[in-house]
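Peer 1: Contents of my_file17.json (JSON, C-alpha atoms):
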[["chain", "number", "residue", "atom", "x", "y", "z"],
["A", 748, "ARG", "CA", 231.95, -69.48, 65.40],
["A", 749, "LYS", "CA", 234.11, -70.67, 68.24],
["A", 750, "GLY", "CA", 231.20, -70.17, 70.59],
["A", 751, "ARG", "CA", 228.99, -72.36, 68.40],
["A", 752, "GLU", "CA", 231.70, -75.03, 68.24],
["A", 753, "LEU", "CA", 232.02, -74.95, 72.00],
["A", 754, "ALA", "CA", 228.28, -75.34, 72.44],
["A", 755, "ARG", "CA", 228.18, -78.33, 70.07],
["A", 756, "MET", "CA", 231.26, -80.02, 71.48],
["A", 757, "LYS", "CA", 230.69, -83.18, 73.50],
["A", 758, "MET", "CA", 233.49, -83.83, 75.92],
["A", 759, "PRO", "CA", 233.99, -87.36, 77.30],
["A", 760, "SER", "CA", 232.82, -87.72, 80.90],
["A", 761, "SER", "CA", 236.32, -88.62, 82.11],
["A", 762, "VAL", "CA", 237.86, -85.32, 81.07],
["A", 763, "VAL", "CA", 237.30, -82.06, 82.90],
["A", 764, "ILE", "CA", 239.22, -78.93, 82.00],
["A", 765, "ALA", "CA", 239.06, -76.07, 84.46],
["A", 766, "TYR", "CA", 240.27, -72.64, 83.48],
["A", 767, "CYS", "CA", 242.55, -70.89, 85.94],
["A", 768, "PRO", "CA", 244.03, -67.67, 84.50],
["A", 769, "PRO", "CA", 247.63, -68.10, 85.78],
["A", 770, "LEU", "CA", 247.76, -71.71, 84.57],
["A", 771, "LYS", "CA", 245.81, -71.38, 81.33],
["A", 772, "HIS", "CA", 248.30, -72.65, 78.79],
["A", 773, "HIS", "CA", 249.94, -75.21, 81.08],
["A", 774, "LEU", "CA", 246.54, -76.57, 82.04],
["A", 775, "ILE", "CA", 245.29, -76.90, 78.47],
["A", 776, "ASN", "CA", 248.52, -78.58, 77.36],
["A", 777, "PHE", "CA", 248.44, -80.95, 80.32],
["A", 778, "THR", "CA", 244.82, -81.84, 79.73],
["A", 779, "LEU", "CA", 245.34, -82.51, 76.03],
["A", 780, "CYS", "CA", 248.25, -84.80, 76.90],
["A", 781, "TYR", "CA", 246.18, -86.46, 79.61],
["A", 782, "TYR", "CA", 243.30, -87.01, 77.21],
["A", 783, "HIS", "CA", 245.64, -88.56, 74.65],
["A", 784, "HIS", "CA", 247.19, -90.78, 77.34],
["A", 785, "ARG", "CA", 243.79, -91.97, 78.57],
["A", 786, "HIS", "CA", 242.07, -92.34, 75.20],
["A", 787, "ARG", "CA", 244.81, -93.47, 72.83],
["A", 788, "ARG", "CA", 242.42, -94.72, 70.17],
["A", 789, "ARG", "CA", 240.13, -91.71, 70.15],
["A", 790, "PRO", "CA", 240.75, -88.45, 68.24],
["A", 791, "LEU", "CA", 241.08, -85.25, 70.21],
["A", 792, "PRO", "CA", 237.89, -83.21, 70.61],
["A", 793, "PRO", "CA", 237.41, -80.53, 67.92],
["A", 794, "LEU", "CA", 237.84, -77.76, 70.46],
["A", 795, "ALA", "CA", 239.69, -78.71, 73.61],
["A", 796, "THR", "CA", 239.41, -75.48, 75.55],
["A", 797, "VAL", "CA", 236.70, -75.20, 78.13],
["A", 798, "SER", "CA", 236.56, -72.20, 80.45],
["A", 799, "ALA", "CA", 234.74, -72.58, 83.74],
["A", 800, "THR", "CA", 234.67, -70.30, 86.74],
["A", 801, "LEU", "CA", 234.06, -72.91, 89.39],
["A", 802, "SER", "CA", 232.87, -70.44, 91.99],
["A", 803, "SER", "CA", 229.80, -69.80, 89.86],
["A", 804, "CYS", "CA", 229.10, -73.25, 88.39],
["A", 805, "ARG", "CA", 228.75, -76.76, 89.75],
["A", 806, "LEU", "CA", 230.46, -79.74, 88.21],
["A", 807, "PRO", "CA", 228.20, -82.75, 87.53],
["A", 808, "ASN", "CA", 230.57, -84.99, 89.47],
["A", 809, "PRO", "CA", 233.17, -83.20, 91.61],
["A", 810, "ASN", "CA", 235.10, -86.44, 92.10],
["A", 811, "LEU", "CA", 236.13, -86.28, 88.45],
["A", 812, "ALA", "CA", 238.03, -83.13, 89.29],
["A", 813, "THR", "CA", 239.71, -83.67, 92.63],
["A", 814, "GLY", "CA", 243.26, -83.46, 91.34],
["A", 815, "ASN", "CA", 245.57, -81.32, 93.46],
["A", 816, "SER", "CA", 244.51, -77.98, 91.92],
["A", 817, "LEU", "CA", 244.98, -78.95, 88.25],
["A", 818, "PHE", "CA", 241.36, -79.76, 87.49],
["A", 819, "LEU", "CA", 239.50, -78.22, 90.41],
["A", 820, "ARG", "CA", 239.94, -74.85, 92.03],
["A", 821, "MET", "CA", 236.95, -73.78, 94.06],
["A", 822, "GLU", "CA", 238.71, -70.52, 94.73],
["A", 823, "ARG", "CA", 236.95, -68.18, 97.04],
["A", 824, "ILE", "CA", 238.04, -65.75, 99.76],
["A", 825, "TRP", "CA", 235.78, -65.23, 102.76],
["A", 826, "THR", "CA", 235.45, -62.27, 105.05],
["A", 827, "GLY", "CA", 234.98, -62.35, 108.79],
["A", 828, "SER", "CA", 236.97, -63.99, 111.57],
["A", 829, "GLY", "CA", 239.42, -66.82, 110.93],
["A", 830, "THR", "CA", 237.12, -69.33, 112.57],
["A", 831, "ASN", "CA", 234.20, -68.26, 110.42],
["A", 832, "LYS", "CA", 236.31, -68.38, 107.26],
["A", 833, "ASN", "CA", 237.53, -71.90, 108.06],
["A", 834, "LYS", "CA", 233.93, -72.98, 108.60],
["A", 835, "ALA", "CA", 232.90, -71.32, 105.34],
["A", 836, "MET", "CA", 235.65, -73.23, 103.52],
["A", 837, "VAL", "CA", 234.29, -76.50, 104.89],
["A", 838, "GLU", "CA", 230.73, -75.57, 103.95],
["A", 839, "HIS", "CA", 231.92, -74.75, 100.44],
["A", 840, "LEU", "CA", 233.51, -78.21, 100.15],
["A", 841, "GLN", "CA", 230.27, -79.74, 101.39],
["A", 842, "SER", "CA", 228.27, -77.85, 98.78],
["A", 843, "TYR", "CA", 230.48, -79.31, 96.04],
["A", 844, "GLY", "CA", 229.97, -82.82, 97.41],
["A", 845, "VAL", "CA", 233.64, -83.29, 98.31],
["A", 846, "ILE", "CA", 232.86, -83.59, 102.02],
["A", 847, "LYS", "CA", 230.05, -86.09, 102.49],
["A", 848, "SER", "CA", 230.20, -87.01, 106.16],
["A", 849, "LYS", "CA", 229.61, -85.11, 109.37],
["A", 850, "LYS", "CA", 232.83, -86.51, 110.89],
["A", 851, "VAL", "CA", 235.07, -85.13, 108.13],
["A", 852, "ALA", "CA", 233.30, -81.76, 108.24],
["A", 853, "GLU", "CA", 233.70, -81.54, 112.02],
["A", 854, "VAL", "CA", 237.41, -82.33, 112.09],
["A", 855, "MET", "CA", 238.18, -79.88, 109.27],
["A", 856, "GLU", "CA", 236.19, -77.19, 111.09],
["A", 857, "THR", "CA", 238.07, -77.95, 114.31],
["A", 858, "VAL", "CA", 241.57, -77.79, 112.79],
["A", 859, "ASP", "CA", 242.01, -74.24, 111.51],
["A", 860, "ARG", "CA", 243.95, -74.40, 108.24],
["A", 861, "ALA", "CA", 245.33, -70.90, 108.86],
["A", 862, "LEU", "CA", 247.60, -72.32, 111.56],
["A", 863, "PHE", "CA", 249.27, -74.63, 109.04],
["A", 864, "VAL", "CA", 250.13, -72.38, 106.10],
["A", 865, "PRO", "CA", 252.94, -69.80, 105.90],
["A", 866, "SER", "CA", 252.20, -66.32, 107.19],
["A", 867, "GLY", "CA", 250.82, -64.07, 104.49],
["A", 868, "THR", "CA", 249.39, -66.97, 102.49],
["A", 869, "PRO", "CA", 245.60, -67.02, 101.98],
["A", 870, "PRO", "CA", 244.77, -70.16, 103.97],
["A", 871, "TYR", "CA", 241.20, -70.76, 102.84],
["A", 872, "VAL", "CA", 241.70, -70.63, 99.08],
["A", 873, "ASP", "CA", 241.22, -74.10, 97.58],
["A", 874, "SER", "CA", 244.69, -74.42, 96.15],
["A", 875, "PRO", "CA", 248.00, -76.02, 97.16],
["A", 876, "MET", "CA", 250.37, -73.64, 98.93],
["A", 877, "GLN", "CA", 254.16, -73.55, 98.83],
["A", 878, "ILE", "CA", 255.62, -74.18, 102.29],
["A", 879, "GLY", "CA", 259.31, -74.10, 101.36],
["A", 880, "TYR", "CA", 261.88, -76.79, 100.49],
["A", 881, "ASN", "CA", 260.02, -77.53, 97.21],
["A", 882, "VAL", "CA", 257.10, -78.80, 99.24],
["A", 883, "THR", "CA", 253.42, -77.85, 99.19],
["A", 884, "ILE", "CA", 250.49, -78.27, 101.52],
["A", 885, "SER", "CA", 247.69, -79.89, 99.55],
["A", 886, "ALA", "CA", 244.55, -78.03, 98.57],
["A", 887, "PRO", "CA", 241.66, -78.28, 101.06],
["A", 888, "HIS", "CA", 239.61, -80.38, 98.63],
["A", 889, "MET", "CA", 242.40, -82.98, 98.50],
["A", 890, "HIS", "CA", 242.63, -83.16, 102.29],
["A", 891, "ALA", "CA", 238.85, -83.56, 102.39],
["A", 892, "THR", "CA", 238.94, -86.26, 99.70],
["A", 893, "CYS", "CA", 241.58, -88.27, 101.55],
["A", 894, "LEU", "CA", 239.85, -87.92, 104.92],
["A", 895, "GLN", "CA", 236.65, -89.07, 103.29],
["A", 896, "LEU", "CA", 238.34, -92.11, 101.72],
["A", 897, "LEU", "CA", 239.94, -93.04, 105.06],
["A", 898, "GLU", "CA", 236.92, -92.31, 107.23],
["A", 899, "GLU", "CA", 236.11, -95.91, 108.16],
["A", 900, "ASN", "CA", 239.75, -96.50, 109.09],
["A", 901, "LEU", "CA", 239.96, -93.44, 111.33],
["A", 902, "GLN", "CA", 238.04, -94.57, 114.38],
["A", 903, "PRO", "CA", 238.82, -93.97, 118.07],
["A", 904, "GLY", "CA", 241.75, -96.12, 119.17],
["A", 905, "MET", "CA", 243.08, -96.77, 115.67],
["A", 906, "HIS", "CA", 246.57, -96.01, 114.33],
["A", 907, "ALA", "CA", 247.11, -93.60, 111.43],
["A", 908, "LEU", "CA", 250.26, -92.65, 109.53],
["A", 909, "ASP", "CA", 250.77, -89.47, 107.47],
["A", 910, "VAL", "CA", 253.74, -89.78, 105.10],
["A", 911, "GLY", "CA", 255.15, -86.43, 104.03],
["A", 912, "SER", "CA", 253.38, -84.68, 106.88],
["A", 913, "GLY", "CA", 254.63, -81.22, 105.87],
["A", 914, "THR", "CA", 253.07, -78.55, 108.08],
["A", 915, "GLY", "CA", 251.26, -81.14, 110.24],
["A", 916, "TYR", "CA", 247.69, -80.33, 109.17],
["A", 917, "LEU", "CA", 246.51, -83.81, 108.27],
["A", 918, "ALA", "CA", 248.39, -85.43, 111.16],
["A", 919, "ALA", "CA", 246.46, -83.10, 113.49],
["A", 920, "CYS", "CA", 243.18, -84.10, 111.83],
["A", 921, "PHE", "CA", 244.07, -87.79, 112.22],
["A", 922, "ALA", "CA", 244.90, -87.32, 115.89],
["A", 923, "LEU", "CA", 241.58, -85.67, 116.69],
["A", 924, "VAL", "CA", 239.66, -88.48, 115.00],
["A", 925, "VAL", "CA", 241.53, -91.46, 116.51],
["A", 926, "GLY", "CA", 241.64, -89.74, 119.91],
["A", 927, "PRO", "CA", 243.84, -90.21, 122.98],
["A", 928, "GLN", "CA", 243.56, -93.99, 122.87],
["A", 929, "GLY", "CA", 244.73, -94.06, 119.25],
["A", 930, "ARG", "CA", 247.99, -93.08, 117.63],
["A", 931, "ALA", "CA", 248.61, -90.54, 114.87],
["A", 932, "VAL", "CA", 252.09, -90.39, 113.37],
["A", 933, "GLY", "CA", 253.60, -87.93, 110.90],
["A", 934, "VAL", "CA", 256.82, -88.61, 109.00],
["A", 935, "GLU", "CA", 258.66, -85.87, 107.14],
["A", 936, "HIS", "CA", 262.25, -85.90, 105.90],
["A", 937, "ILE", "CA", 262.87, -82.15, 106.16],
["A", 938, "PRO", "CA", 263.88, -81.48, 109.80],
["A", 939, "GLU", "CA", 262.90, -77.80, 109.60],
["A", 940, "LEU", "CA", 259.37, -78.76, 108.52],
["A", 941, "VAL", "CA", 259.10, -81.24, 111.38],
["A", 942, "ALA", "CA", 260.09, -78.53, 113.87],
["A", 943, "SER", "CA", 257.66, -75.98, 112.44],
["A", 944, "SER", "CA", 254.84, -78.54, 112.16],
["A", 945, "ILE", "CA", 255.17, -79.29, 115.87],
["A", 946, "GLN", "CA", 254.87, -75.58, 116.57],
["A", 947, "ASN", "CA", 251.78, -75.43, 114.35],
["A", 948, "ILE", "CA", 250.16, -78.35, 116.14],
["A", 949, "GLU", "CA", 250.90, -76.78, 119.53],
["A", 950, "LYS", "CA", 248.68, -73.84, 118.51],
["A", 951, "SER", "CA", 245.88, -76.08, 117.25],
["A", 952, "ALA", "CA", 243.04, -78.14, 118.70],
["A", 953, "ALA", "CA", 245.37, -81.18, 118.61],
["A", 954, "ALA", "CA", 247.88, -79.65, 121.05],
["A", 955, "SER", "CA", 246.80, -81.77, 124.01],
["A", 956, "LEU", "CA", 247.14, -84.98, 121.97],
["A", 957, "LEU", "CA", 250.68, -83.99, 121.02],
["A", 958, "LYS", "CA", 251.50, -83.37, 124.67],
["A", 959, "GLN", "CA", 249.98, -86.71, 125.71],
["A", 960, "GLY", "CA", 251.97, -88.59, 123.08],
["A", 961, "ALA", "CA", 248.97, -89.76, 121.06],
["A", 962, "LEU", "CA", 250.32, -87.61, 118.20],
["A", 963, "SER", "CA", 253.94, -87.45, 117.14],
["A", 964, "VAL", "CA", 255.91, -86.15, 114.16],
["A", 965, "HIS", "CA", 259.26, -87.64, 113.19],
["A", 966, "VAL", "CA", 262.15, -86.92, 110.84],
["A", 967, "GLY", "CA", 262.51, -89.84, 108.45],
["A", 968, "ASP", "CA", 262.16, -91.22, 104.96],
["A", 969, "GLY", "CA", 258.43, -91.68, 104.58],
["A", 970, "ARG", "CA", 258.94, -94.31, 101.89],
["A", 971, "LEU", "CA", 260.01, -96.59, 104.73],
["A", 972, "GLY", "CA", 256.97, -95.75, 106.86],
["A", 973, "TRP", "CA", 257.39, -95.68, 110.63],
["A", 974, "PRO", "CA", 257.56, -99.26, 111.95],
["A", 975, "GLU", "CA", 257.51, -98.29, 115.64],
["A", 976, "PHE", "CA", 253.74, -97.82, 115.75],
["A", 977, "ALA", "CA", 252.73, -100.20, 112.96],
["A", 978, "PRO", "CA", 250.50, -101.77, 111.88],
["A", 979, "TYR", "CA", 248.36, -98.85, 110.75],
["A", 980, "ASP", "CA", 244.64, -98.82, 110.10],
["A", 981, "ALA", "CA", 245.04, -95.78, 107.84],
["A", 982, "ILE", "CA", 248.00, -94.48, 105.83],
["A", 983, "HIS", "CA", 248.01, -91.26, 103.84],
["A", 984, "VAL", "CA", 250.86, -90.37, 101.50],
["A", 985, "GLY", "CA", 251.13, -86.72, 100.55],
["A", 986, "ALA", "CA", 253.50, -87.05, 97.58],
["A", 987, "ALA", "CA", 253.47, -89.12, 94.39],
["A", 988, "ALA", "CA", 255.46, -92.34, 94.29],
["A", 989, "PRO", "CA", 256.45, -94.04, 91.02],
["A", 990, "ASP", "CA", 255.23, -97.28, 92.61],
["A", 991, "ILE", "CA", 253.58, -98.12, 95.92],
["A", 992, "PRO", "CA", 256.42, -98.60, 98.44],
["A", 993, "GLN", "CA", 256.43, -102.13, 99.82],
["A", 994, "PRO", "CA", 257.27, -101.04, 103.40],
["A", 995, "LEU", "CA", 254.01, -99.06, 103.49],
["A", 996, "ILE", "CA", 252.03, -102.09, 102.32],
["A", 997, "ASP", "CA", 253.81, -104.21, 104.96],
["A", 998, "GLN", "CA", 252.90, -101.70, 107.70],
["A", 999, "LEU", "CA", 249.23, -101.59, 106.69],
["A", 1000, "LYS", "CA", 247.04, -103.59, 109.04],
["A", 1001, "PRO", "CA", 244.76, -106.30, 107.62],
["A", 1002, "GLY", "CA", 241.49, -104.46, 107.10],
["A", 1003, "GLY", "CA", 243.45, -101.20, 106.72],
["A", 1004, "ARG", "CA", 243.46, -98.69, 103.90],
["A", 1005, "MET", "CA", 246.10, -96.48, 102.32],
["A", 1006, "VAL", "CA", 245.58, -93.56, 99.93],
["A", 1007, "ILE", "CA", 248.62, -92.68, 97.83],
["A", 1008, "PRO", "CA", 249.21, -90.75, 94.61],
["A", 1009, "VAL", "CA", 251.11, -92.92, 92.13],
["A", 1010, "GLY", "CA", 252.79, -91.91, 88.89],
["A", 1011, "ASN", "CA", 255.19, -89.39, 87.42],
["A", 1012, "ILE", "CA", 253.69, -87.04, 84.82],
["A", 1013, "PHE", "CA", 250.34, -88.82, 84.88],
["A", 1014, "GLN", "CA", 249.29, -89.55, 88.45],
["A", 1015, "ASP", "CA", 246.32, -91.30, 90.01],
["A", 1016, "LEU", "CA", 245.22, -91.31, 93.62],
["A", 1017, "LYS", "CA", 245.27, -95.00, 94.48],
["A", 1018, "VAL", "CA", 243.17, -96.60, 97.19],
["A", 1019, "VAL", "CA", 245.00, -99.60, 98.64],
["A", 1020, "ASP", "CA", 243.00, -102.00, 100.79],
["A", 1021, "LYS", "CA", 244.63, -104.84, 102.68],
["A", 1022, "ASN", "CA", 242.12, -107.65, 103.10],
["A", 1023, "LEU", "CA", 241.85, -109.70, 106.26],
["A", 1024, "ASP", "CA", 243.69, -112.59, 104.60],
["A", 1025, "GLY", "CA", 246.63, -110.27, 103.85],
["A", 1026, "SER", "CA", 245.92, -109.90, 100.14],
["A", 1027, "VAL", "CA", 245.92, -106.41, 98.67],
["A", 1028, "THR", "CA", 243.52, -104.73, 96.26],
["A", 1029, "VAL", "CA", 244.26, -101.44, 94.51],
["A", 1030, "ARG", "CA", 241.92, -99.12, 92.65],
["A", 1031, "SER", "CA", 242.22, -95.64, 91.16],
["A", 1032, "GLU", "CA", 240.06, -92.94, 92.72],
["A", 1033, "THR", "CA", 240.90, -89.88, 90.60],
["A", 1034, "SER", "CA", 243.65, -88.18, 88.63],
["A", 1035, "VAL", "CA", 245.87, -85.86, 90.65],
["A", 1036, "ARG", "CA", 249.05, -83.83, 90.57],
["A", 1037, "TYR", "CA", 251.46, -83.98, 93.53],
["A", 1038, "VAL", "CA", 255.11, -83.25, 94.17],
["A", 1039, "PRO", "CA", 257.22, -86.43, 94.00],
["A", 1040, "LEU", "CA", 257.87, -88.80, 96.89],
["A", 1041, "THR", "CA", 261.62, -88.87, 96.74],
["A", 1042, "SER", "CA", 264.79, -88.54, 98.79],
["A", 1043, "ARG", "CA", 265.46, -85.41, 100.81],
["A", 1044, "GLU", "CA", 268.40, -84.54, 98.56],
["A", 1045, "ALA", "CA", 266.38, -84.82, 95.36],
["A", 1046, "GLN", "CA", 263.53, -82.84, 96.88],
["A", 1047, "LEU", "CA", 265.78, -79.98, 97.91],
["A", 1048, "ARG", "CA", 267.17, -79.92, 94.37],
["A", 1049, "GLY", "CA", 263.64, -79.79, 93.05],
["A", 1050, "GLY", "CA", 264.18, -83.02, 91.14],
["A", 1051, "TYR", "CA", 261.34, -85.30, 90.05]]
For this file, write the structure as structure tokens.

Peer 2:
Amino acid sequence: RKGRELARMKMPSSVVIAYCPPLKHHLINFTLCYYHHRHRRRPLPPLATVSATLSSCRLPNPNLATGNSLFLRMERIWTGSGTNKNKAMVEHLQSYGVIKSKKVAEVMETVDRALFVPSGTPPYVDSPMQIGYNVTISAPHMHATCLQLLEENLQPGMHALDVGSGTGYLAACFALVVGPQGRAVGVEHIPELVASSIQNIEKSAAASLLKQGALSVHVGDGRLGWPEFAPYDAIHVGAAAPDIPQPLIDQLKPGGRMVIPVGNIFQDLKVVDKNLDGSVTVRSETSVRYVPLTSREAQLRGGY
């Protein structure tokens, strides 16, 4: 009977529920709450449990499910050398339509994710990874999504800022795209992560840019940006803010773009464009789940 109900059920296009065994009950509860939050005047579906093994099925629109591993886990483990596995990860993201451009594919192939996750962690699984200090490195599909959204603002010679730079992965990607004439800046308020991220970058394809000074990582409160190299053509924020911090808007160049998760329990990835006249437009790209953008003290306590 349940199978027949599931077959008859029509889910709204804005809700995707992915089944991940370790997160089953949390995911269903979250999704029911999310559905209620988004569709206050609509009754819940008759059967709100949908199981999908994403490695064997294709979503009709992957962008509906690009939340940081709540709605989309294209989990797969590849065999072969590290380089081949990193390339396979990128090809997998391309097959799902998350990576659309050659430039994003090339930079993610060039920067080996294995250099930026803790030892013993499966680097090519499409899931966030704990990196210590109540911090995670985002899932590969989220890095790809943000690189794709910022593509036009990551050109040679441009300036890019990564707030909450963590292990340094996205800062390294930014540096390779903007090149030696550009400037890529990472800001992270955990000194130990800054030190280890520099070591990670030194092993990566972005090492020469770090040595030349075109790439730098700094200890600081990312909510305040990094004024020294502003204005920025592209800003990425890797943690969820309750509101968009004004200093980041101020440091965004006219014509620039920022991607930032905003919200507490319910979060959306916001795309912030500063127009040439200085006005700002904001739109929601997708629903996500990130750790909070907060003070160092609150983060170390694990507070939201």

Peer 1: Compile the contact shell of Asp997 in chain A as a PDB file with C-alpha atoms, in the frame of the given file: residues with an atom at most 12 Å away, counting only C-alpha atoms, same-chain residues fewer than 6 positions apart removed.

Peer 2:
ATOM      1  CA  ARG A 970     258.940 -94.310 101.890  1.00  0.00           C
ATOM      2  CA  LEU A 971     260.010 -96.590 104.730  1.00  0.00           C
ATOM      3  CA  GLY A 972     256.970 -95.750 106.860  1.00  0.00           C
ATOM      4  CA  TRP A 973     257.390 -95.680 110.630  1.00  0.00           C
ATOM      5  CA  PRO A 974     257.560 -99.260 111.950  1.00  0.00           C
ATOM      6  CA  ALA A 977     252.730-100.200 112.960  1.00  0.00           C
ATOM      7  CA  PRO A 978     250.500-101.770 111.880  1.00  0.00           C
ATOM      8  CA  TYR A 979     248.360 -98.850 110.750  1.00  0.00           C
ATOM      9  CA  ASP A 980     244.640 -98.820 110.100  1.00  0.00           C
ATOM     10  CA  ILE A 982     248.000 -94.480 105.830  1.00  0.00           C
ATOM     11  CA  ILE A 991     253.580 -98.120  95.920  1.00  0.00           C
ATOM     12  CA  GLY A1003     243.450-101.200 106.720  1.00  0.00           C
ATOM     13  CA  ARG A1004     243.460 -98.690 103.900  1.00  0.00           C
ATOM     14  CA  MET A1005     246.100 -96.480 102.320  1.00  0.00           C
ATOM     15  CA  VAL A1019     245.000 -99.600  98.640  1.00  0.00           C
ATOM     16  CA  ASP A1020     243.000-102.000 100.790  1.00  0.00           C
ATOM     17  CA  LYS A1021     244.630-104.840 102.680  1.00  0.00           C
ATOM     18  CA  GLY A1025     246.630-110.270 103.850  1.00  0.00           C
ATOM     19  CA  SER A1026     245.920-109.900 100.140  1.00  0.00           C
ATOM     20  CA  VAL A1027     245.920-106.410  98.670  1.00  0.00           C
TER      21      VAL A1027
END

Peer 1: Any idea what the distance is between CA of Pro994 in chain A and CA of Glu939 in chain A?

Peer 2: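 Here the two named atoms are 24.7 Å from each other.
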
Peer 1: Please produce, as CSV, a per-residue contact table for range 967-1038 of chain A versus range 909-920 of chain A (criterion: any atom at most 6 Å away, all atoms listed in the file considered), showing the nearest atom pair and its distance in Å to one decimal, sorted by chain then residue number.

Peer 2:
residue,atom,partner,partner_atom,distance
A:Gly969,CA,A:Val910,CA,5.1
A:Ile982,CA,A:Asp909,CA,6.0
A:His983,CA,A:Asp909,CA,4.9
A:Val984,CA,A:Val910,CA,4.6
A:Gly985,CA,A:Gly911,CA,5.3

Peer 1: What lies within 6 Å of Ala886 in chain A using all atoms listed in the file, ignoring chain neighbours under 4 positions off, as a count of residues only?

Peer 2: 3

Peer 1: What residues have an atom no more than 8 Å from (233.4, -86.5, 105.2) in the file's own frame, counting all atoms listed in the file, and can you write them as an MDAnalysis selection string?

Peer 2: chainID A and resid 845:852 891:892 894:895 898

Peer 1: Next, the residues of the selection above should be written as a compact mmCIF listing (two decimals), keeping the file's coordinate frame with C-alpha atoms.

Peer 2:
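Resulting contents of selection-v2.txt:
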# COMPACT_ATOMS: atom_id res chain seq x y z
CA VAL A 845 233.64 -83.29 98.31
CA ILE A 846 232.86 -83.59 102.02
CA LYS A 847 230.05 -86.09 102.49
CA SER A 848 230.20 -87.01 106.16
CA LYS A 849 229.61 -85.11 109.37
CA LYS A 850 232.83 -86.51 110.89
CA VAL A 851 235.07 -85.13 108.13
CA ALA A 852 233.30 -81.76 108.24
CA ALA A 891 238.85 -83.56 102.39
CA THR A 892 238.94 -86.26 99.70
CA LEU A 894 239.85 -87.92 104.92
CA GLN A 895 236.65 -89.07 103.29
CA GLU A 898 236.92 -92.31 107.23

Peer 1: Need the shell around Glu1032 in chain A: protein/DNA/RNA residues with any atom at most 8 Å away, counting all atoms listed in the file. Skip same-chain ones fewer than 6 positions apart. Format as a ChimeraX atom specification?

Peer 2: /A:1015-1018

Peer 1: Find the residues around His936 in chain A up to 6 Å (all atoms listed in the file counted), leave out those fewer than 5 positions away in its own chain, and share them as a PyMOL selection string.

Peer 2: chain A and resi 966-968

Peer 1: Step by step: start from the point (256.0, -94.6, 89.5) in the file's coordinates, keep every protein, DNA or RNA residue that has an atom no farther than 9 Å from it, count only C-alpha atoms, and write the set as a VMD selection string.

Peer 2: chain A and resid 987 to 991 1009 to 1011 1014

Peer 1: Hey, which of A:Leu962, A:Met905, A:Ile937, A:Leu1040 ends up closest to Lys1000 in chain A? Count all atoms listed in the file.

Peer 2: A:Met905

Peer 1: For Asp859 in chain A, please output as a count of residues only all residues within 12 Å (counting all atoms listed in the file; exclusion window: fewer than 5 positions along the same chain).

Peer 2: 28

Peer 1: Under the rule that all atoms listed in the file are counted, which of A:Ile996, A:Leu940, A:Leu923, A:Leu840 is the nearest residue to Thr857 in chain A?

Peer 2: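 Using all atoms listed in the file, Thr857 in chain A sits closest to A:Leu923.
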
Peer 1: To one decimal place in Å, what is the distance between CA of Ile945 in chain A and CA of Gly879 in chain A?

Peer 2: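 About the pair CA of Ile945 in chain A and CA of Gly879 in chain A: they are 16.0 Å apart.
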
Peer 1: I'd like the interatomic distance between CA of Cys893 in chain A and CA of Met876 in chain A, to a tenth of an Å.

Peer 2: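 For CA of Cys893 in chain A relative to CA of Met876 in chain A, the distance reads 17.3 Å.
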